[in-house]
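J.: This is input.cif (mmCIF, C-alpha atoms).
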```
data_upload
#
loop_
_atom_site.label_atom_id
_atom_site.label_comp_id
_atom_site.auth_asym_id
_atom_site.auth_seq_id
_atom_site.Cartn_x
_atom_site.Cartn_y
_atom_site.Cartn_z
CA MET X 9 37.43 92.88 95.15
CA LEU X 10 36.15 89.57 93.78
CA LYS X 11 39.62 88.07 94.07
CA LYS X 12 39.82 89.08 97.73
CA ILE X 13 36.42 87.49 98.41
CA ASN X 14 37.56 84.28 96.70
CA ASP X 15 40.78 84.26 98.72
CA VAL X 16 38.86 84.67 101.98
CA TRP X 17 36.40 81.94 100.94
CA PHE X 18 39.18 79.46 100.11
CA ARG X 19 40.89 80.18 103.41
CA LEU X 20 37.63 79.46 105.25
CA VAL X 21 36.87 76.31 103.25
CA GLY X 22 40.44 74.97 103.17
CA GLU X 23 42.82 73.99 100.40
CA GLY X 24 42.46 70.75 98.46
CA THR X 25 45.96 69.74 99.56
CA ASP X 26 44.91 69.86 103.22
CA PHE X 27 41.33 68.59 103.17
CA PRO X 28 39.46 65.95 101.14
CA LEU X 29 36.52 66.91 98.96
CA GLU X 30 33.94 65.75 101.56
CA SER X 31 35.43 68.00 104.25
CA ARG X 32 35.59 71.03 101.96
CA ILE X 33 31.94 70.55 100.98
CA PHE X 34 31.04 70.24 104.66
CA HIS X 35 32.94 73.45 105.43
CA SER X 36 31.13 75.29 102.65
CA ILE X 37 27.69 74.07 103.72
CA SER X 38 28.46 74.88 107.34
CA ILE X 39 29.47 78.45 106.49
CA GLY X 40 26.38 78.86 104.32
CA LEU X 41 24.03 77.49 106.99
CA ILE X 42 25.56 79.70 109.67
CA ILE X 43 24.99 82.73 107.45
CA VAL X 44 21.42 81.66 106.62
CA ALA X 45 20.71 80.98 110.29
CA GLY X 46 21.70 84.56 111.04
CA PHE X 47 18.59 85.49 109.06
CA TYR X 48 16.26 82.57 109.87
CA VAL X 49 16.59 82.59 113.67
CA PRO X 50 15.43 86.19 114.27
CA TYR X 51 12.92 86.04 111.40
CA ASN X 52 11.22 82.87 112.67
CA PHE X 53 11.25 84.19 116.21
CA PHE X 54 9.50 87.45 115.35
CA ALA X 55 7.15 85.58 112.99
CA GLY X 56 6.00 83.46 115.93
CA LEU X 57 7.66 80.29 114.60
CA TYR X 58 9.46 79.56 117.82
CA ILE X 59 10.10 75.90 117.08
CA ALA X 60 11.56 76.78 113.70
CA ALA X 61 13.69 79.49 115.30
CA LEU X 62 14.97 77.05 117.91
CA SER X 63 15.68 74.40 115.24
CA SER X 64 17.61 76.93 113.15
CA LEU X 65 19.60 78.06 116.18
CA PHE X 66 20.42 74.47 117.12
CA PHE X 67 21.37 73.59 113.56
CA SER X 68 23.65 76.63 113.20
CA GLY X 69 25.30 75.93 116.56
CA PHE X 70 25.89 72.31 115.63
CA PHE X 71 27.36 73.20 112.26
CA ALA X 72 29.52 75.95 113.78
CA TYR X 73 30.97 73.51 116.31
CA GLN X 74 31.58 70.78 113.73
CA TYR X 75 33.07 73.30 111.30
CA TYR X 76 35.48 74.68 113.89
CA ASN X 77 36.68 71.21 114.88
CA SER X 78 37.13 70.10 111.29
CA ARG X 79 38.67 73.25 109.79
CA PHE X 80 40.89 74.53 112.59
CA ARG X 81 41.46 71.63 114.98
CA GLY X 82 41.95 68.87 112.42
CA LYS X 83 39.10 66.73 113.81
CA ARG X 84 37.01 65.23 111.06
CA HIS X 85 33.27 65.92 111.24
CA SER X 86 31.09 63.12 112.60
CA ASN X 87 29.07 61.51 109.80
CA LEU X 88 27.00 59.46 112.24
CA LEU X 89 26.12 62.42 114.47
CA PHE X 90 25.38 64.57 111.45
CA GLY X 91 23.05 61.98 109.89
CA LEU X 92 21.22 61.12 113.11
CA LEU X 93 20.78 64.77 114.03
CA GLY X 94 19.12 65.36 110.67
CA LEU X 95 16.66 62.51 111.30
CA VAL X 96 15.77 63.87 114.73
CA ILE X 97 15.52 67.57 113.85
CA LEU X 98 13.65 67.02 110.58
CA SER X 99 11.19 64.61 112.23
CA PHE X 100 10.62 67.00 115.13
CA ASN X 101 10.27 69.99 112.78
CA TYR X 102 7.80 68.06 110.63
CA PHE X 103 5.33 67.76 113.51
CA ALA X 104 6.04 71.24 114.87
CA ASN X 105 5.74 72.98 111.51
CA SER X 106 2.41 71.94 109.93
CA GLY X 107 3.41 68.41 108.88
CA ILE X 108 2.74 67.68 105.21
CA SER X 109 1.40 71.23 104.75
CA GLY X 110 4.68 72.76 105.97
CA SER X 111 8.07 73.20 104.35
CA THR X 112 9.96 70.35 106.06
CA ASP X 113 9.46 67.98 103.12
CA VAL X 114 11.43 70.41 100.93
CA ILE X 115 14.47 70.10 103.20
CA TRP X 116 14.55 66.28 103.52
CA PRO X 117 16.12 65.51 100.08
CA ALA X 118 18.65 68.34 100.32
CA TYR X 119 19.80 67.23 103.75
CA LEU X 120 20.10 63.60 102.58
CA LEU X 121 22.16 64.79 99.60
CA LEU X 122 24.47 66.55 102.04
CA VAL X 123 24.75 63.37 104.12
CA PHE X 124 25.71 61.43 100.98
CA VAL X 125 28.37 63.94 100.04
CA ILE X 126 30.16 64.15 103.39
CA SER X 127 29.99 60.45 104.25
CA PRO X 128 31.90 57.47 102.81
CA TYR X 129 30.34 55.42 100.00
CA ARG X 130 29.94 52.39 102.23
CA GLN X 131 27.47 54.33 104.44
CA HIS X 132 25.22 55.55 101.62
CA ILE X 133 22.87 52.57 101.56
CA PHE X 134 22.48 52.78 105.33
CA TRP X 135 21.57 56.49 105.28
CA LEU X 136 19.29 56.05 102.28
CA LEU X 137 17.27 53.36 104.05
CA ALA X 138 17.33 55.26 107.35
CA TYR X 139 15.94 58.45 105.80
CA LEU X 140 13.36 56.62 103.67
CA VAL X 141 12.10 54.61 106.62
CA THR X 142 12.02 57.66 108.91
CA PHE X 143 10.34 59.81 106.27
CA VAL X 144 7.59 57.22 105.67
CA ALA X 145 7.19 56.55 109.39
CA VAL X 146 6.81 60.26 110.23
CA HIS X 147 4.20 60.76 107.50
CA PHE X 148 2.20 57.70 108.52
CA ALA X 149 2.33 58.80 112.16
CA ALA X 150 1.03 62.23 111.19
CA TYR X 151 -1.67 60.62 109.08
CA TYR X 152 -2.97 58.30 111.83
CA TYR X 153 -2.37 60.73 114.68
CA PRO X 154 -3.12 64.18 113.19
CA GLU X 155 -3.30 65.70 116.67
CA LEU X 156 0.50 65.42 116.89
CA VAL X 157 0.92 68.01 114.12
CA LYS X 158 1.10 71.66 115.16
CA TYR X 159 0.14 74.61 112.91
CA PRO X 160 2.05 77.67 114.15
CA PHE X 161 0.96 79.98 111.31
CA VAL X 162 -2.24 80.87 109.53
CA ALA X 163 -3.10 79.62 106.07
CA GLY X 164 -2.33 81.74 103.05
CA LYS X 165 0.25 84.35 103.96
CA GLY X 166 1.85 82.21 106.66
CA GLU X 167 2.20 79.24 104.33
CA LEU X 168 3.67 81.50 101.63
CA ILE X 169 6.28 82.92 104.00
CA ASP X 170 7.14 79.44 105.30
CA ARG X 171 7.69 78.00 101.83
CA VAL X 172 9.57 81.03 100.48
CA THR X 173 11.92 81.19 103.45
CA ALA X 174 12.52 77.41 103.48
CA PHE X 175 13.32 77.13 99.78
CA PRO X 176 16.78 78.82 99.80
CA LEU X 177 18.24 76.21 102.17
CA PRO X 178 17.96 73.14 99.89
CA VAL X 179 18.80 75.26 96.84
CA MET X 180 22.00 76.46 98.52
CA VAL X 181 22.94 72.91 99.50
CA ILE X 182 22.35 71.57 95.99
CA TYR X 183 24.26 74.49 94.44
CA MET X 184 27.31 74.03 96.65
CA VAL X 185 27.38 70.28 96.24
CA ILE X 186 27.11 70.46 92.45
CA LYS X 187 29.67 73.26 92.33
CA PHE X 188 32.24 71.31 94.32
CA ILE X 189 31.60 68.08 92.42
CA ARG X 190 31.87 69.88 89.07
CA ARG X 191 35.01 71.73 90.17
CA SER X 192 36.55 68.51 91.43
CA TYR X 193 35.64 66.77 88.17
CA ASP X 194 37.14 69.56 86.07
CA LYS X 195 40.28 69.50 88.19
CA GLU X 196 40.63 65.74 87.88
CA LYS X 197 39.97 66.01 84.15
CA THR X 198 42.68 68.63 83.80
CA ILE X 199 45.10 66.48 85.81
CA ALA X 200 44.23 63.46 83.65
CA GLU X 201 44.80 65.47 80.47
CA GLU X 202 48.12 66.77 81.79
CA LYS X 203 49.14 63.21 82.70
CA ALA X 204 48.15 62.03 79.23
CA ILE X 205 50.23 64.80 77.65
CA ALA X 206 53.14 63.95 79.96
CA ILE X 207 52.85 60.25 79.08
CA GLU X 208 52.75 61.08 75.38
CA ALA X 209 55.82 63.29 75.75
CA GLN X 210 57.52 60.51 77.70
CA ASN X 211 56.64 58.02 74.96
CA GLN X 212 58.07 60.37 72.35
CA GLN X 213 61.20 60.72 74.45
CA ILE X 214 61.48 56.93 74.74
CA LEU X 215 61.06 56.58 70.98
CA GLN X 216 63.68 59.25 70.46
CA GLN X 217 66.06 57.48 72.84
CA LYS X 218 65.35 54.21 71.05
CA ARG X 219 66.15 55.81 67.71
CA LEU X 220 69.36 57.30 69.08
CA LEU X 221 70.31 53.95 70.57
CA GLU X 222 69.68 52.21 67.25
CA GLU X 223 71.79 54.83 65.49
CA SER X 224 74.52 54.41 68.10
CA ASN X 225 74.48 50.63 67.61
CA ALA X 226 74.61 51.13 63.84
CA GLU X 227 77.59 53.44 64.28
CA LYS X 228 79.36 50.89 66.47
CA ASP X 229 78.66 48.14 63.94
CA LYS X 230 79.98 50.40 61.19
CA LEU X 231 83.10 51.17 63.20
CA MET X 232 83.79 47.50 63.90
CA SER X 233 83.26 46.68 60.21
CA ILE X 234 85.76 49.35 59.22
CA ILE X 235 88.33 48.21 61.75
CA SER X 236 87.93 44.49 61.02
CA HIS X 237 87.69 44.64 57.23
CA ASP X 238 88.00 47.97 55.45
CA MET X 239 91.18 48.97 57.27
CA ARG X 240 92.69 45.49 57.18
CA THR X 241 92.41 45.07 53.40
CA PRO X 242 94.55 48.07 52.35
CA LEU X 243 97.14 47.21 54.98
CA ILE X 244 97.40 43.71 53.53
CA ASN X 245 97.90 45.27 50.09
CA ILE X 246 100.66 47.49 51.44
CA GLN X 247 102.26 44.46 53.04
CA GLY X 248 102.12 42.67 49.69
CA TYR X 249 103.77 45.59 47.88
CA LEU X 250 106.56 45.70 50.45
CA GLU X 251 107.18 41.97 50.08
CA LEU X 252 107.40 42.36 46.29
CA LEU X 253 109.80 45.29 46.64
CA ASP X 254 112.00 43.08 48.74
CA ASP X 255 112.32 40.73 45.78
CA ALA X 256 115.76 41.33 44.26
CA ASP X 257 114.67 40.04 40.81
CA LEU X 258 112.47 43.09 40.05
CA ASP X 259 113.56 45.23 37.12
CA LEU X 260 113.45 49.02 37.12
CA GLN X 261 110.00 49.35 35.50
CA GLN X 262 108.48 46.81 37.88
CA GLY X 263 109.98 48.63 40.84
CA ILE X 264 108.59 51.96 39.68
CA ALA X 265 105.12 50.45 39.20
CA LEU X 266 105.22 48.81 42.63
CA ARG X 267 106.35 52.02 44.34
CA LYS X 268 103.55 53.91 42.58
CA GLY X 269 101.01 51.31 43.71
CA LEU X 270 102.45 51.41 47.22
CA LEU X 271 102.14 55.19 47.32
CA GLU X 272 98.53 55.08 46.13
CA ALA X 273 97.64 52.38 48.64
CA THR X 274 99.30 54.33 51.44
CA ASN X 275 97.55 57.57 50.47
CA GLY X 276 94.21 55.79 50.31
CA THR X 277 94.79 54.18 53.68
CA MET X 278 95.79 57.52 55.19
CA ASP X 279 92.60 59.12 53.87
CA MET X 280 90.54 56.30 55.33
CA LEU X 281 92.35 56.47 58.66
CA THR X 282 92.00 60.27 58.83
CA ASN X 283 88.25 60.11 58.23
CA LEU X 284 87.88 57.27 60.68
CA LEU X 285 89.74 59.09 63.45
CA GLN X 286 87.96 62.38 62.81
CA TRP X 287 84.56 60.73 62.84
CA SER X 288 85.34 58.68 65.98
CA LYS X 289 86.56 61.79 67.77
CA SER X 290 83.47 63.80 66.80
CA GLN X 291 81.20 61.01 68.08
CA MET X 292 82.99 60.53 71.42
CA GLU X 293 83.83 64.08 72.50
CA GLY X 294 82.71 66.41 69.75
CA PRO X 295 85.13 68.56 67.81
CA THR X 296 86.34 71.90 69.10
CA ILE X 297 84.91 74.65 66.89
CA ASN X 298 86.72 77.93 66.32
CA ILE X 299 84.69 79.98 63.86
CA LEU X 300 86.40 83.09 62.53
CA PRO X 301 86.16 85.32 59.44
CA VAL X 302 88.56 83.73 56.94
CA ASN X 303 89.40 84.31 53.29
CA LEU X 304 87.95 81.28 51.51
CA GLY X 305 90.58 81.09 48.76
CA ALA X 306 93.51 81.39 51.16
CA ALA X 307 92.00 78.89 53.63
CA ILE X 308 91.62 76.04 51.13
CA LYS X 309 94.43 76.85 48.66
CA SER X 310 96.79 74.16 49.99
CA THR X 311 93.92 71.63 50.02
CA LEU X 312 93.09 72.38 46.39
CA GLU X 313 96.72 72.13 45.34
CA MET X 314 96.94 68.71 46.97
CA GLY X 315 93.78 67.79 45.09
CA GLN X 316 95.36 68.89 41.80
CA ALA X 317 98.37 66.66 42.47
CA GLN X 318 96.08 63.73 43.31
CA ALA X 319 94.03 64.30 40.16
CA ALA X 320 97.15 64.63 37.98
CA ARG X 321 98.34 61.19 39.05
CA LYS X 322 95.08 59.84 37.63
CA ASP X 323 95.27 61.98 34.48
CA ILE X 324 92.31 64.11 35.59
CA THR X 325 92.10 67.87 35.02
CA LEU X 326 91.21 69.80 38.19
CA SER X 327 90.56 73.53 37.99
CA TYR X 328 89.22 75.98 40.56
CA HIS X 329 87.92 79.54 40.49
CA ILE X 330 87.53 81.27 43.85
CA GLY X 331 87.39 85.04 44.14
CA ASP X 332 89.87 86.75 46.43
CA GLU X 333 87.11 88.86 47.95
CA LEU X 334 85.12 85.95 49.42
CA VAL X 335 85.33 85.95 53.23
CA VAL X 336 83.36 83.36 55.19
CA LEU X 337 82.67 82.51 58.83
CA ALA X 338 84.19 79.08 59.33
CA ASP X 339 86.53 76.85 61.27
CA VAL X 340 89.57 76.53 59.01
CA ASP X 341 90.46 72.94 59.98
CA MET X 342 86.88 71.71 59.53
CA LEU X 343 86.49 73.59 56.27
CA GLN X 344 89.69 72.08 54.89
CA LEU X 345 88.56 68.56 55.88
CA VAL X 346 85.18 69.05 54.16
CA VAL X 347 86.74 70.36 50.93
CA ARG X 348 89.46 67.67 51.00
CA ASN X 349 86.83 64.92 51.24
CA LEU X 350 84.71 66.39 48.46
CA VAL X 351 87.72 66.75 46.15
CA SER X 352 89.04 63.29 47.07
CA ASN X 353 85.64 61.73 46.27
CA ALA X 354 85.51 63.57 42.95
CA VAL X 355 88.94 62.25 42.01
CA LYS X 356 88.06 58.75 43.18
CA PHE X 357 84.91 58.45 41.08
CA THR X 358 86.12 60.28 37.97
CA PRO X 359 87.82 58.14 35.27
CA PRO X 360 91.19 59.06 33.73
CA GLY X 361 90.79 61.84 31.18
CA GLY X 362 87.86 63.39 33.11
CA SER X 363 87.66 66.80 34.69
CA ILE X 364 86.80 68.35 38.04
CA ASN X 365 85.77 71.97 38.49
CA ILE X 366 85.59 73.88 41.79
CA ASP X 367 84.05 77.33 42.01
CA ALA X 368 82.62 79.61 44.67
CA ARG X 369 80.16 82.46 44.46
CA LEU X 370 78.04 84.61 46.72
CA VAL X 371 74.34 83.65 47.07
CA GLN X 372 72.53 86.22 49.21
CA ASP X 373 74.20 86.04 52.64
CA GLU X 374 75.95 82.73 51.99
CA CYS X 375 78.90 81.56 49.98
CA LYS X 376 78.21 78.53 47.77
CA LEU X 377 81.21 76.33 46.98
CA THR X 378 80.60 73.66 44.33
CA VAL X 379 82.74 70.63 43.43
CA SER X 380 81.62 69.21 40.06
CA ASP X 381 83.02 66.17 38.29
CA THR X 382 82.47 64.17 35.12
CA GLY X 383 82.59 60.89 36.97
CA LYS X 384 80.22 57.95 37.06
CA GLY X 385 77.62 59.64 39.26
CA ILE X 386 75.58 58.11 42.07
CA ASP X 387 72.96 55.40 41.71
CA GLU X 388 69.50 56.75 42.56
CA GLN X 389 68.95 53.95 45.08
CA LYS X 390 72.01 55.10 47.05
CA GLN X 391 71.30 58.83 46.94
CA GLU X 392 68.89 58.79 49.90
CA LYS X 393 71.55 57.37 52.25
CA ILE X 394 74.52 59.27 50.86
CA PHE X 395 74.98 61.30 54.10
CA SER X 396 74.03 58.43 56.42
CA ILE X 397 76.13 56.14 58.59
CA ASN X 398 74.37 53.30 56.76
CA THR X 399 75.65 54.29 53.34
CA GLU X 400 77.61 51.66 51.46
CA ALA X 401 81.19 52.48 50.64
CA GLY X 402 81.77 52.48 46.88
CA PHE X 403 84.74 51.67 44.70
CA GLY X 404 86.40 54.34 42.59
CA THR X 405 87.14 54.07 38.90
CA ASN X 406 90.53 52.52 39.79
CA ASN X 407 88.98 50.33 42.48
CA GLU X 408 89.83 52.85 45.20
CA LYS X 409 88.01 51.81 48.39
CA GLY X 410 86.61 54.18 50.98
CA VAL X 411 84.93 53.62 54.34
CA GLY X 412 81.71 55.51 53.65
CA LEU X 413 82.41 58.15 56.31
CA GLY X 414 83.66 61.04 54.15
CA LEU X 415 80.30 62.55 53.25
CA LEU X 416 78.92 61.91 56.74
CA LEU X 417 81.86 63.88 58.14
CA CYS X 418 81.28 66.63 55.60
CA LYS X 419 77.63 66.96 56.65
CA GLU X 420 78.38 66.97 60.38
CA PHE X 421 81.29 69.41 60.13
CA ILE X 422 79.63 71.87 57.77
CA GLU X 423 76.45 71.95 59.88
CA ARG X 424 78.47 72.55 63.04
CA GLN X 425 79.72 75.71 61.35
CA GLY X 426 76.21 76.92 60.60
CA GLY X 427 76.31 75.78 56.98
CA ARG X 428 74.63 73.08 54.92
CA ILE X 429 75.47 70.59 52.19
CA GLY X 430 73.68 69.16 49.16
CA PHE X 431 74.30 67.49 45.83
CA GLU X 432 73.01 66.81 42.35
CA SER X 433 73.96 63.67 40.50
CA THR X 434 73.09 61.87 37.26
CA PHE X 435 74.19 58.27 37.15
CA GLY X 436 76.81 57.81 34.42
CA ARG X 437 77.33 61.55 33.85
CA GLY X 438 78.81 62.97 37.04
CA SER X 439 77.99 64.72 40.30
CA SER X 440 78.02 68.18 41.82
CA PHE X 441 78.42 68.58 45.58
CA PHE X 442 77.91 72.02 47.06
CA ILE X 443 78.25 73.51 50.51
CA PHE X 444 76.80 76.77 51.81
CA ILE X 445 78.97 78.68 54.28
CA PRO X 446 77.88 81.84 56.15
CA TYR X 447 79.32 84.91 54.40
CA SER X 448 81.23 87.52 56.37
CA ALA X 449 80.78 90.99 54.98
CA PRO X 450 84.06 92.96 54.81
#
```
Go ahead and render the structure in this file as structure tokens.
T.:
Amino acid sequence: MLKKINDVWFRLVGEGTDFPLESRIFHSISIGLIIVAGFYVPYNFFAGLYIAALSSLFFSGFFAYQYYNSRFRGKRHSNLLFGLLGLVILSFNYFANSGISGSTDVIWPAYLLLVFVISPYRQHIFWLLAYLVTFVAVHFAAYYYPELVKYPFVAGKGELIDRVTAFPLPVMVIYMVIKFIRRSYDKEKTIAEEKAIAIEAQNQQILQQKRLLEESNAEKDKLMSIISHDMRTPLINIQGYLELLDDADLDLQQGIALRKGLLEATNGTMDMLTNLLQWSKSQMEGPTINILPVNLGAAIKSTLEMGQAQAARKDITLSYHIGDELVVLADVDMLQLVVRNLVSNAVKFTPPGGSINIDARLVQDECKLTVSDTGKGIDEQKQEKIFSINTEAGFGTNNEKGVGLGLLLCKEFIERQGGRIGFESTFGRGSSFFIFIPYSAP
């Protein structure tokens, strides 16, 4: 019921999108005065207050006409006519309704407040002076010419009825004005708060875009560094080996050593190139992910065997223990790349005679695969950036050179599969890298 009344009221007053605040206040006051006049006109008439009844009737008719033009015909109410009419009617009513002993003085401030609200700011000083001058003039005229003042009702009961019936009008005006001003203030405050929140969100978005742009620039710088230096150096070494092999004066042992060095340089360059291409592809278009239930041991067996051969060439013992029952949810190609990089790093940073151990076990609903080595470990100052594009590529125990992308690729690829990666390392004693892969129950 209350909602229906509010809906009807807002339709009569007008929406804020269609009418300014001054017009909506005028509409509200007009509706209120028309309703009050429906009571005042007959009451004043039967009470013998004919002038008051006529004034109320005239006021209600004027407001009804102005309201209709403003609300339904799109013609803005006349501020000048409204203000002047108030001066005339209030002055006339003052003399016709007991002067200073009547209730007209109660209405003056309320009507002036209404004039202020529905008129532009630039007119306020004019109306303030006009009403002050008229008010003082009317009172002085009544003081010097008391015969001009009429007393239509008897003292006592008549005065009581006059004051009691006149009081609701200014109260209603003040209430409606304050209500609209407060509502408008609250609305503007809400809009301002929403704008502030939107600006803050926009600032956060800008900062996020700035951070992404800085990361993108860092990635581009890293890529150019790899192409211009890190990839060029091993190719120069390969070129040098080939030139030496072309020397006919080499004996058998020298030839074997050169071919071994050439093979190692080529393998290292291939690893670097593979990581570089995989990383570049993932940054430009994103890798295609095909996650399926796969047997972990079967999926990475060939990768581990290649790792054993790589470790054997460096006189490193590599062993692995992976149960046949472990089934994980993973993309086989991505999983192989992650394991290959972890094993390759372990071999690279483990000295000859060292050992590497790979094992997998079930931890709650995940499979934990760990690659542990007895290598030289990671400096504490470098551990914070180990999975970052800004990490510095290190040299292996045989001066093997990487591009610093292997662990970044491992992190990106394992997370794309719903897994995670971590490590523990003690400088000078070795490292353990572990990945968690979602487990697939048989």
J.: Report the distance between atom CA of X:Asp373 and atom CA of X:Val336 in Å, rounded to one decimal place.
T.: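 We find that atom CA of X:Asp373 and atom CA of X:Val336 lie 9.9 Å from each other.
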J.: In Å, with one decimal, what is the gap from atom CA of X:Ile43 to atom CA of X:Ser64?
T.: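 These two atoms are separated by 11.0 Å.
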J.: Selection in question (the file shown): the PyMOL selection byres ((chain X and resi 146-153) around 10). Which residues does it include, as a list of chain:residue names?
T.: X:Leu98, X:Ser99, X:Phe100, X:Tyr102, X:Phe103, X:Ser106, X:Gly107, X:Ile108, X:Asp113, X:Leu140, X:Val141, X:Thr142, X:Phe143, X:Val144, X:Ala145, X:Pro154, X:Glu155, X:Leu156, X:Val157
J.: For stretch 430-445 of chain X, list every protein, DNA or RNA residue within 10 Å, evaluated using all atoms listed in the file, and leave out those in the same chain fewer than 6 positions away; present the list as a PDB file with C-alpha atoms, in the coordinates of the input.
T.:
```
ATOM      1  CA  LEU X 304      87.950  81.280  51.510  1.00  0.00           C
ATOM      2  CA  VAL X 335      85.330  85.950  53.230  1.00  0.00           C
ATOM      3  CA  VAL X 336      83.360  83.360  55.190  1.00  0.00           C
ATOM      4  CA  LEU X 337      82.670  82.510  58.830  1.00  0.00           C
ATOM      5  CA  ALA X 338      84.190  79.080  59.330  1.00  0.00           C
ATOM      6  CA  LEU X 343      86.490  73.590  56.270  1.00  0.00           C
ATOM      7  CA  VAL X 346      85.180  69.050  54.160  1.00  0.00           C
ATOM      8  CA  VAL X 347      86.740  70.360  50.930  1.00  0.00           C
ATOM      9  CA  LEU X 350      84.710  66.390  48.460  1.00  0.00           C
ATOM     10  CA  VAL X 351      87.720  66.750  46.150  1.00  0.00           C
ATOM     11  CA  ASN X 353      85.640  61.730  46.270  1.00  0.00           C
ATOM     12  CA  ALA X 354      85.510  63.570  42.950  1.00  0.00           C
ATOM     13  CA  PHE X 357      84.910  58.450  41.080  1.00  0.00           C
ATOM     14  CA  THR X 358      86.120  60.280  37.970  1.00  0.00           C
ATOM     15  CA  GLY X 362      87.860  63.390  33.110  1.00  0.00           C
ATOM     16  CA  SER X 363      87.660  66.800  34.690  1.00  0.00           C
ATOM     17  CA  ILE X 364      86.800  68.350  38.040  1.00  0.00           C
ATOM     18  CA  ASN X 365      85.770  71.970  38.490  1.00  0.00           C
ATOM     19  CA  ILE X 366      85.590  73.880  41.790  1.00  0.00           C
ATOM     20  CA  ASP X 367      84.050  77.330  42.010  1.00  0.00           C
ATOM     21  CA  ALA X 368      82.620  79.610  44.670  1.00  0.00           C
ATOM     22  CA  ARG X 369      80.160  82.460  44.460  1.00  0.00           C
ATOM     23  CA  LEU X 370      78.040  84.610  46.720  1.00  0.00           C
ATOM     24  CA  VAL X 371      74.340  83.650  47.070  1.00  0.00           C
ATOM     25  CA  ASP X 373      74.200  86.040  52.640  1.00  0.00           C
ATOM     26  CA  GLU X 374      75.950  82.730  51.990  1.00  0.00           C
ATOM     27  CA  CYS X 375      78.900  81.560  49.980  1.00  0.00           C
ATOM     28  CA  LYS X 376      78.210  78.530  47.770  1.00  0.00           C
ATOM     29  CA  LEU X 377      81.210  76.330  46.980  1.00  0.00           C
ATOM     30  CA  THR X 378      80.600  73.660  44.330  1.00  0.00           C
ATOM     31  CA  VAL X 379      82.740  70.630  43.430  1.00  0.00           C
ATOM     32  CA  SER X 380      81.620  69.210  40.060  1.00  0.00           C
ATOM     33  CA  ASP X 381      83.020  66.170  38.290  1.00  0.00           C
ATOM     34  CA  THR X 382      82.470  64.170  35.120  1.00  0.00           C
ATOM     35  CA  GLY X 383      82.590  60.890  36.970  1.00  0.00           C
ATOM     36  CA  LYS X 384      80.220  57.950  37.060  1.00  0.00           C
ATOM     37  CA  GLY X 385      77.620  59.640  39.260  1.00  0.00           C
ATOM     38  CA  ILE X 386      75.580  58.110  42.070  1.00  0.00           C
ATOM     39  CA  ASP X 387      72.960  55.400  41.710  1.00  0.00           C
ATOM     40  CA  GLU X 388      69.500  56.750  42.560  1.00  0.00           C
ATOM     41  CA  GLN X 391      71.300  58.830  46.940  1.00  0.00           C
ATOM     42  CA  ILE X 394      74.520  59.270  50.860  1.00  0.00           C
ATOM     43  CA  PHE X 395      74.980  61.300  54.100  1.00  0.00           C
ATOM     44  CA  LEU X 415      80.300  62.550  53.250  1.00  0.00           C
ATOM     45  CA  CYS X 418      81.280  66.630  55.600  1.00  0.00           C
ATOM     46  CA  LYS X 419      77.630  66.960  56.650  1.00  0.00           C
ATOM     47  CA  ILE X 422      79.630  71.870  57.770  1.00  0.00           C
ATOM     48  CA  GLU X 423      76.450  71.950  59.880  1.00  0.00           C
TER      49      GLU X 423
END
```
J.: Residues picked by the PyMOL selection byres ((chain X and resi 81-89) around 9) here, as a ChimeraX atom specification?
T.: /X:31,34,74-80,90-94,123,126-128
J.: Report the distance between atom CA of X:Gly110 and atom CA of X:Tyr159 in Å, rounded to one decimal place.
T.: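 It comes out at 8.5 Å.
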J.: Do a neighbour search on X:Arg348 at 9 Å with all atoms listed in the file, toss out local chain neighbours closer than 6 positions, and write the hits as a list of chain:residue names.
T.: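 The residues that qualify are X:Ile308, X:Thr311, X:Leu312, X:Met314, X:Gly315.
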J.: Go through X:Asn105, X:Gln316, X:Asn303, X:Asn298 and flag the residue nearest X:Glu333, using only C-alpha atoms for the distances.
T.: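 Of X:Asn105, X:Gln316, X:Asn303, X:Asn298, the one nearest X:Glu333, counting only C-alpha atoms, is X:Asn303.
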